[in-house]
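Colleague: File follows, structure-v6.cif with mmCIF, C-alpha atoms and all ligand atoms:
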data_protein
#
loop_
_atom_site.group_PDB
_atom_site.id
_atom_site.type_symbol
_atom_site.label_atom_id
_atom_site.label_comp_id
_atom_site.auth_asym_id
_atom_site.auth_seq_id
_atom_site.Cartn_x
_atom_site.Cartn_y
_atom_site.Cartn_z
ATOM 1 C CA MET J 1 34.272 23.947 -5.069
ATOM 2 C CA ASP J 2 30.593 23.021 -5.134
ATOM 3 C CA LYS J 3 29.328 20.870 -2.331
ATOM 4 C CA LYS J 4 28.405 17.462 -3.697
ATOM 5 C CA ILE J 5 24.947 16.076 -3.192
ATOM 6 C CA ILE J 6 23.278 12.664 -3.237
ATOM 7 C CA VAL J 7 20.731 11.928 -5.949
ATOM 8 C CA ALA J 8 18.246 9.083 -5.342
ATOM 9 C CA LEU J 9 16.122 7.832 -8.243
ATOM 10 C CA ASP J 10 13.477 5.286 -7.383
ATOM 11 C CA GLY J 11 10.712 3.678 -9.372
ATOM 12 C CA TYR J 12 9.297 0.515 -10.863
ATOM 13 C CA SER J 13 11.305 -1.763 -13.119
ATOM 14 C CA SER J 14 12.064 -0.546 -16.637
ATOM 15 C CA SER J 15 10.860 2.978 -15.877
ATOM 16 C CA GLY J 16 13.922 4.405 -17.589
ATOM 17 C CA LYS J 17 15.423 5.512 -14.279
ATOM 18 C CA SER J 18 18.746 3.734 -14.854
ATOM 19 C CA THR J 19 19.293 5.484 -18.164
ATOM 20 C CA MET J 20 18.536 8.846 -16.546
ATOM 21 C CA ALA J 21 20.724 8.115 -13.530
ATOM 22 C CA ARG J 22 23.660 6.944 -15.621
ATOM 23 C CA GLU J 23 23.479 9.971 -17.915
ATOM 24 C CA LEU J 24 23.186 12.407 -15.003
ATOM 25 C CA ALA J 25 26.291 10.865 -13.420
ATOM 26 C CA ARG J 26 28.174 11.109 -16.704
ATOM 27 C CA ARG J 27 27.321 14.791 -17.149
ATOM 28 C CA THR J 28 28.091 15.776 -13.573
ATOM 29 C CA GLY J 29 31.130 13.576 -12.972
ATOM 30 C CA TYR J 30 29.291 11.854 -10.125
ATOM 31 C CA VAL J 31 29.597 8.150 -9.321
ATOM 32 C CA TYR J 32 26.699 6.050 -10.600
ATOM 33 C CA VAL J 33 25.455 3.011 -8.697
ATOM 34 C CA ASP J 34 22.771 0.700 -10.068
ATOM 35 C CA SER J 35 21.435 -0.877 -6.875
ATOM 36 C CA GLY J 36 19.190 -3.282 -8.828
ATOM 37 C CA ALA J 37 22.344 -4.765 -10.381
ATOM 38 C CA MET J 38 23.488 -5.642 -6.867
ATOM 39 C CA TYR J 39 20.282 -7.609 -6.137
ATOM 40 C CA ARG J 40 20.698 -9.259 -9.533
ATOM 41 C CA ALA J 41 24.301 -10.232 -8.741
ATOM 42 C CA VAL J 42 23.229 -11.903 -5.466
ATOM 43 C CA THR J 43 20.541 -13.774 -7.441
ATOM 44 C CA LEU J 44 23.105 -14.947 -9.968
ATOM 45 C CA TYR J 45 25.327 -16.120 -7.135
ATOM 46 C CA ALA J 46 22.415 -18.159 -5.734
ATOM 47 C CA LEU J 47 21.747 -19.717 -9.142
ATOM 48 C CA ARG J 48 25.370 -20.629 -9.665
ATOM 49 C CA HIS J 49 25.836 -22.141 -6.222
ATOM 50 C CA GLY J 50 22.819 -24.432 -6.181
ATOM 51 C CA LEU J 51 20.886 -22.158 -3.825
ATOM 52 C CA VAL J 52 17.754 -22.258 -6.008
ATOM 53 C CA THR J 53 15.649 -25.444 -6.023
ATOM 54 C CA GLN J 54 14.240 -27.065 -9.171
ATOM 55 C CA ASP J 55 10.897 -25.400 -8.570
ATOM 56 C CA ASP J 56 12.539 -21.982 -8.198
ATOM 57 C CA ALA J 57 12.481 -21.686 -4.408
ATOM 58 C CA ILE J 58 15.445 -19.870 -2.868
ATOM 59 C CA ARG J 59 17.411 -21.805 -0.230
ATOM 60 C CA ILE J 60 17.226 -18.893 2.157
ATOM 61 C CA PRO J 61 19.345 -20.083 5.135
ATOM 62 C CA GLU J 62 22.169 -21.171 2.801
ATOM 63 C CA LEU J 63 22.042 -17.890 0.905
ATOM 64 C CA ILE J 64 22.170 -15.890 4.151
ATOM 65 C CA GLU J 65 25.166 -17.924 5.220
ATOM 66 C CA ALA J 66 26.901 -17.218 1.910
ATOM 67 C CA LEU J 67 26.378 -13.427 2.085
ATOM 68 C CA PRO J 68 29.793 -12.604 3.594
ATOM 69 C CA SER J 69 31.458 -14.317 0.654
ATOM 70 C CA ILE J 70 29.548 -12.290 -1.937
ATOM 71 C CA ASP J 71 31.438 -9.203 -2.998
ATOM 72 C CA ILE J 72 29.888 -6.753 -5.451
ATOM 73 C CA SER J 73 31.705 -3.903 -7.121
ATOM 74 C CA PHE J 74 31.539 -1.908 -10.344
ATOM 75 C CA ALA J 75 34.067 -1.463 -13.122
ATOM 76 C CA PRO J 76 34.107 2.063 -14.569
ATOM 77 C CA ALA J 77 32.372 2.497 -17.933
ATOM 78 C CA GLY J 78 34.453 1.070 -20.765
ATOM 79 C CA ALA J 79 34.229 1.497 -24.515
ATOM 80 C CA ASP J 80 30.483 0.729 -24.491
ATOM 81 C CA GLY J 81 29.909 3.619 -22.053
ATOM 82 C CA VAL J 82 28.246 1.257 -19.576
ATOM 83 C CA GLN J 83 29.578 0.506 -16.128
ATOM 84 C CA HIS J 84 29.871 -3.241 -15.515
ATOM 85 C CA THR J 85 28.838 -5.151 -12.418
ATOM 86 C CA LEU J 86 31.459 -7.420 -10.877
ATOM 87 C CA LEU J 87 30.578 -10.435 -8.738
ATOM 88 C CA ASN J 88 33.625 -11.479 -6.726
ATOM 89 C CA GLY J 89 35.726 -9.718 -9.339
ATOM 90 C CA GLU J 90 34.091 -11.368 -12.368
ATOM 91 C CA ASP J 91 32.246 -9.256 -14.946
ATOM 92 C CA VAL J 92 28.635 -10.510 -14.860
ATOM 93 C CA GLU J 93 26.965 -7.508 -16.478
ATOM 94 C CA ARG J 94 25.393 -9.562 -19.257
ATOM 95 C CA GLU J 95 24.299 -12.548 -17.207
ATOM 96 C CA ILE J 96 22.538 -10.526 -14.528
ATOM 97 C CA ARG J 97 20.162 -9.136 -17.194
ATOM 98 C CA ASP J 98 18.911 -12.586 -18.344
ATOM 99 C CA MET J 99 15.260 -13.525 -17.901
ATOM 100 C CA ARG J 100 16.356 -16.325 -15.550
ATOM 101 C CA VAL J 101 17.807 -13.767 -13.129
ATOM 102 C CA SER J 102 14.958 -11.286 -13.726
ATOM 103 C CA ASN J 103 12.405 -13.914 -12.741
ATOM 104 C CA LEU J 104 14.147 -14.752 -9.463
ATOM 105 C CA VAL J 105 15.445 -11.391 -8.298
ATOM 106 C CA SER J 106 12.299 -10.156 -6.518
ATOM 107 C CA PRO J 107 12.079 -13.169 -4.155
ATOM 108 C CA VAL J 108 15.792 -12.701 -3.402
ATOM 109 C CA ALA J 109 15.234 -8.991 -2.732
ATOM 110 C CA VAL J 110 12.569 -9.709 -0.083
ATOM 111 C CA ILE J 111 15.068 -11.480 2.182
ATOM 112 C CA PRO J 112 15.778 -9.017 5.035
ATOM 113 C CA GLU J 113 19.400 -10.173 5.478
ATOM 114 C CA VAL J 114 20.119 -9.652 1.777
ATOM 115 C CA ARG J 115 18.642 -6.159 1.995
ATOM 116 C CA ALA J 116 20.625 -5.330 5.132
ATOM 117 C CA ARG J 117 23.901 -6.370 3.518
ATOM 118 C CA LEU J 118 23.299 -4.540 0.243
ATOM 119 C CA THR J 119 21.960 -1.434 1.989
ATOM 120 C CA GLN J 120 25.182 -1.256 3.998
ATOM 121 C CA LEU J 121 27.313 -1.564 0.850
ATOM 122 C CA GLN J 122 25.207 1.129 -0.848
ATOM 123 C CA LYS J 123 25.578 3.521 2.090
ATOM 124 C CA ASP J 124 29.340 2.988 1.929
ATOM 125 C CA PHE J 125 29.378 3.905 -1.765
ATOM 126 C CA GLY J 126 27.714 7.217 -0.840
ATOM 127 C CA LYS J 127 30.023 8.192 2.022
ATOM 128 C CA GLU J 128 31.729 10.916 0.029
ATOM 129 C CA ARG J 129 28.421 12.079 -1.531
ATOM 130 C CA GLY J 130 28.678 12.988 -5.250
ATOM 131 C CA ILE J 131 26.659 9.895 -6.146
ATOM 132 C CA VAL J 132 23.606 9.056 -8.250
ATOM 133 C CA MET J 133 21.927 5.810 -7.205
ATOM 134 C CA ASP J 134 18.829 4.244 -8.676
ATOM 135 C CA GLY J 135 16.622 1.538 -7.211
ATOM 136 C CA ARG J 136 13.468 1.022 -5.180
ATOM 137 C CA ASP J 137 14.305 2.178 -1.659
ATOM 138 C CA ILE J 138 17.133 4.649 -2.174
ATOM 139 C CA GLY J 139 15.186 7.768 -1.129
ATOM 140 C CA THR J 140 13.372 5.961 1.691
ATOM 141 C CA THR J 141 15.952 3.628 3.259
ATOM 142 C CA VAL J 142 19.457 3.909 1.796
ATOM 143 C CA PHE J 143 19.776 7.713 1.665
ATOM 144 C CA PRO J 144 16.828 9.255 3.516
ATOM 145 C CA ASP J 145 18.938 12.445 3.633
ATOM 146 C CA ALA J 146 19.510 12.660 -0.161
ATOM 147 C CA GLU J 147 19.264 16.261 -1.374
ATOM 148 C CA LEU J 148 17.442 15.235 -4.563
ATOM 149 C CA LYS J 149 14.920 12.404 -4.660
ATOM 150 C CA VAL J 150 12.990 11.504 -7.767
ATOM 151 C CA PHE J 151 10.279 8.886 -8.087
ATOM 152 C CA VAL J 152 9.903 7.796 -11.697
ATOM 153 C CA GLY J 153 6.593 6.367 -12.854
ATOM 154 C CA ALA J 154 5.155 5.035 -16.130
ATOM 155 C CA SER J 155 2.441 2.453 -16.870
ATOM 156 C CA ALA J 156 3.293 -1.271 -16.690
ATOM 157 C CA GLU J 157 2.495 -1.602 -20.388
ATOM 158 C CA GLU J 158 4.830 1.220 -21.405
ATOM 159 C CA ARG J 159 7.596 -0.210 -19.230
ATOM 160 C CA ALA J 160 7.102 -3.733 -20.626
ATOM 161 C CA ARG J 161 7.335 -2.305 -24.159
ATOM 162 C CA ARG J 162 10.701 -0.701 -23.322
ATOM 163 C CA ARG J 163 12.038 -3.828 -21.653
ATOM 164 C CA TYR J 164 10.846 -6.031 -24.543
ATOM 165 C CA LYS J 165 12.673 -3.834 -27.030
ATOM 166 C CA GLU J 166 15.859 -3.900 -24.913
ATOM 167 C CA LEU J 167 15.801 -7.706 -24.744
ATOM 168 C CA LEU J 168 15.121 -8.064 -28.485
ATOM 169 C CA ASP J 169 17.996 -5.689 -29.219
ATOM 170 C CA LYS J 170 20.215 -7.976 -27.158
ATOM 171 C CA GLY J 171 19.069 -10.968 -29.197
ATOM 172 C CA GLU J 172 17.060 -12.653 -26.422
ATOM 173 C CA LYS J 173 14.117 -14.764 -27.547
ATOM 174 C CA VAL J 174 11.178 -13.651 -25.449
ATOM 175 C CA SER J 175 7.543 -12.835 -26.084
ATOM 176 C CA PHE J 176 5.960 -9.514 -25.147
ATOM 177 C CA GLU J 177 3.461 -11.404 -22.937
ATOM 178 C CA GLU J 178 6.290 -13.004 -20.988
ATOM 179 C CA VAL J 179 8.008 -9.656 -20.417
ATOM 180 C CA TYR J 180 4.727 -7.962 -19.463
ATOM 181 C CA ALA J 181 3.929 -10.734 -16.961
ATOM 182 C CA ASN J 182 7.417 -10.377 -15.453
ATOM 183 C CA VAL J 183 7.028 -6.597 -15.063
ATOM 184 C CA VAL J 184 3.603 -6.925 -13.388
ATOM 185 C CA GLU J 185 4.758 -9.691 -11.071
ATOM 186 C CA ARG J 186 7.873 -7.778 -10.026
ATOM 187 C CA ASP J 187 5.799 -4.634 -9.381
ATOM 188 C CA ARG J 188 3.552 -6.693 -7.138
ATOM 189 C CA ILE J 189 6.368 -8.289 -5.143
ATOM 190 C CA ASP J 190 8.434 -5.070 -4.923
ATOM 191 C CA SER J 191 5.563 -2.966 -3.599
ATOM 192 C CA THR J 192 4.071 -5.480 -1.169
ATOM 193 C CA ARG J 193 7.206 -6.857 0.527
ATOM 194 C CA GLU J 194 7.614 -6.252 4.219
ATOM 195 C CA VAL J 195 11.097 -4.708 4.333
ATOM 196 C CA SER J 196 11.605 -1.478 2.381
ATOM 197 C CA PRO J 197 8.721 -1.872 -0.093
ATOM 198 C CA LEU J 198 8.820 0.316 -3.170
ATOM 199 C CA ARG J 199 7.085 3.568 -2.315
ATOM 200 C CA LYS J 200 7.621 7.211 -3.018
ATOM 201 C CA ALA J 201 9.498 9.048 -0.251
ATOM 202 C CA ASP J 202 7.390 11.918 1.113
ATOM 203 C CA ASP J 203 9.944 14.454 -0.091
ATOM 204 C CA ALA J 204 10.530 12.879 -3.537
ATOM 205 C CA ILE J 205 9.491 14.668 -6.722
ATOM 206 C CA GLU J 206 7.329 12.507 -8.965
ATOM 207 C CA LEU J 207 8.151 12.261 -12.664
ATOM 208 C CA ASP J 208 5.776 10.515 -15.062
ATOM 209 C CA ASN J 209 8.012 10.082 -18.072
ATOM 210 C CA GLY J 210 5.541 8.099 -20.208
ATOM 211 C CA ASP J 211 5.275 10.862 -22.822
ATOM 212 C CA MET J 212 8.774 12.324 -22.517
ATOM 213 C CA THR J 213 11.736 11.779 -24.807
ATOM 214 C CA PRO J 214 15.046 10.820 -23.151
ATOM 215 C CA GLU J 215 16.307 14.357 -23.889
ATOM 216 C CA GLN J 216 13.314 15.950 -22.163
ATOM 217 C CA GLN J 217 13.788 13.695 -19.148
ATOM 218 C CA MET J 218 17.439 14.647 -18.948
ATOM 219 C CA GLU J 219 16.711 18.356 -19.211
ATOM 220 C CA TRP J 220 14.153 18.050 -16.445
ATOM 221 C CA LEU J 221 16.558 16.120 -14.213
ATOM 222 C CA LEU J 222 19.503 18.466 -14.808
ATOM 223 C CA GLU J 223 17.312 21.416 -13.872
ATOM 224 C CA ARG J 224 16.318 19.751 -10.567
ATOM 225 C CA PHE J 225 19.986 18.852 -9.975
ATOM 226 C CA ARG J 226 21.102 22.468 -10.461
ATOM 227 C CA GLU J 227 18.426 23.750 -8.092
ATOM 228 C CA ARG J 228 19.415 21.318 -5.359
ATOM 229 C CA THR J 229 23.147 21.882 -5.760
ATOM 230 C CA GLU J 230 22.609 25.638 -5.500
ATOM 231 C CA GLN J 231 20.439 25.206 -2.417
ATOM 232 C CA SER J 232 22.995 23.031 -0.679
ATOM 233 C CA ASN J 233 25.721 25.588 -1.451
ATOM 234 C CA THR J 234 23.728 28.441 0.031
ATOM 235 C CA PRO J 235 24.540 28.719 3.733
ATOM 236 C CA ALA J 236 21.427 28.524 5.903
ATOM 237 C CA ARG J 237 20.682 31.855 7.576
HETATM 238 O O1 LIG J 301 16.068 -2.154 -11.229
HETATM 239 P P1 LIG J 301 16.106 -3.630 -11.561
HETATM 240 O O2 LIG J 301 14.916 -4.094 -12.342
HETATM 241 O O3 LIG J 301 17.382 -4.078 -12.152
HETATM 242 O O4 LIG J 301 15.994 -4.348 -10.121
HETATM 243 C C1 LIG J 301 16.033 -5.726 -9.983
HETATM 244 C C2 LIG J 301 15.247 -6.180 -8.759
HETATM 245 O O5 LIG J 301 15.932 -5.786 -7.573
HETATM 246 C C3 LIG J 301 13.829 -5.655 -8.647
HETATM 247 O O6 LIG J 301 12.892 -6.699 -8.813
HETATM 248 C C4 LIG J 301 13.690 -5.142 -7.243
HETATM 249 C C5 LIG J 301 15.024 -5.292 -6.609
HETATM 250 N N1 LIG J 301 15.552 -4.042 -6.073
HETATM 251 C C6 LIG J 301 15.261 -3.747 -4.771
HETATM 252 O O7 LIG J 301 14.521 -4.479 -4.130
HETATM 253 N N2 LIG J 301 15.784 -2.629 -4.205
HETATM 254 C C7 LIG J 301 16.572 -1.810 -4.905
HETATM 255 N N3 LIG J 301 17.092 -0.732 -4.325
HETATM 256 C C8 LIG J 301 16.860 -2.097 -6.258
HETATM 257 C C9 LIG J 301 16.311 -3.218 -6.819
#
Write out the structure in this file as structure tokens.
Ligand code: DC

Modeller:
Amino acid sequence: MDKKIIVALDGYSSSGKSTMARELARRTGYVYVDSGAMYRAVTLYALRHGLVTQDDAIRIPELIEALPSIDISFAPAGADGVQHTLLNGEDVEREIRDMRVSNLVSPVAVIPEVRARLTQLQKDFGKERGIVMDGRDIGTTVFPDAELKVFVGASAEERARRRYKELLDKGEKVSFEEVYANVVERDRIDSTREVSPLRKADDAIELDNGDMTPEQQMEWLLERFRERTEQSNTPAR
């Protein structure tokens, strides 16, 4: 039996990393965890429980106090092939992708206590290895010992185009300018925050997928996966 590894995919928002991570997990039989969905679920919880003020400030002490009562899990992929995020047992997969949540998730993700709680949950998911996780700090903070780390990059404009198309396909009424502004603002907050800012781990492989088709990206990733699995199955001499 092959030894299972941990795959960490990090990068900016809408870089296509989730699609790659999900597909890699499907093909290898590994567990897939979308860590961004977990930050989104905490944000949704805050919105629903009056922990966001009228001018969009997060009530930080109250949110920190509520953390022990926020449970996040994932339901295995159903007929749509997509794994759904559960917030205290309720399927919130659709709601956590709204613009309202997208606009508030970065300020929630800068709160050190939120990060500590979610990082712990994420480490627990990876206890048995055999996991593909995507996010911002997976290769640096959550699994510094991951056998395969990939940092996915693409320009803000390209990523906004992808996100805009996704939202239109879902029937959301948004303008490209709004989506672009959201992508740029999240990039700024994610890479300048104090705790676990988005940055490439020293031992991560960089992939600029701007000009690659999804198939080419998958081929590239599967090749890296095979290499790393073989390496971790070869006893060190
Ligand atoms: O990947 P995404 O766009 O769904 O992520 C939503 C937000 O969560 C993003 O603004 C940054 C934050 N995030 C984070 O801080 N750390 C992670 N590991 C994953 C996401």

Colleague: For the file shown, report as a ChimeraX atom specification the outcome of the PyMOL selection byres (((not hetatm)) within 7 of (chain J and resi 301)) at residue level.

Modeller: /J:13-14,35-37,39-40,102,105-106,109-110,134-138,186,190

Colleague: Might you spell out which residues the PyMOL selection byres (((chain J and resi 122) around 12) and not hetatm) would select in the displayed file, as number ranges by chain?

Modeller: J: 6, 8, 31-39, 72-74, 115-121, 123-129, 131-135, 137-138, 141-143

Colleague: State, in Å with one decimal place, the distance from CA of Leu63 (chain J) to CA of Leu44 (chain J).

Modeller: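 Distance between the two atoms: 11.3 Å.
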
Colleague: Can you spell out as a list in words the set of residues that the PyMOL selection byres (((chain J and resi 27) around 12) and not hetatm) selects in the structure I just provided?

Modeller: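 Selected by the PyMOL selection byres (((chain J and resi 27) around 12) and not hetatm) in this file: Met20, Ala21, Arg22, Glu23, Leu24, Ala25, Arg26, Thr28, Gly29, Tyr30, Val31, Tyr32, Val132, Met218, Glu219, Leu221, Leu222, Phe225 and Arg226 of chain J.
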
Colleague: Which one of J:Asn209, J:Ser232, J:Thr43, J:Ser196 sits closest to Asp98 (chain J) if you count all atoms listed in the file?

Modeller: J:Thr43

Colleague: Taking all atoms listed in the file into account, which of J:Pro68, J:Pro144, J:Gly81, J:Gly210 comes nearest Arg159 (chain J)?

Modeller: J:Gly210

Colleague: Tell me, in Å to one decimal, how far CA of Asn182 (chain J) is from CA of Leu9 (chain J).

Modeller: 21.4 Å

Colleague: Take CA of His49 (chain J) and CA of Glu185 (chain J) and report the distance between them in Å, one decimal.

Modeller: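 Interatomic distance, CA of His49 (chain J) to CA of Glu185 (chain J): 25.0 Å.
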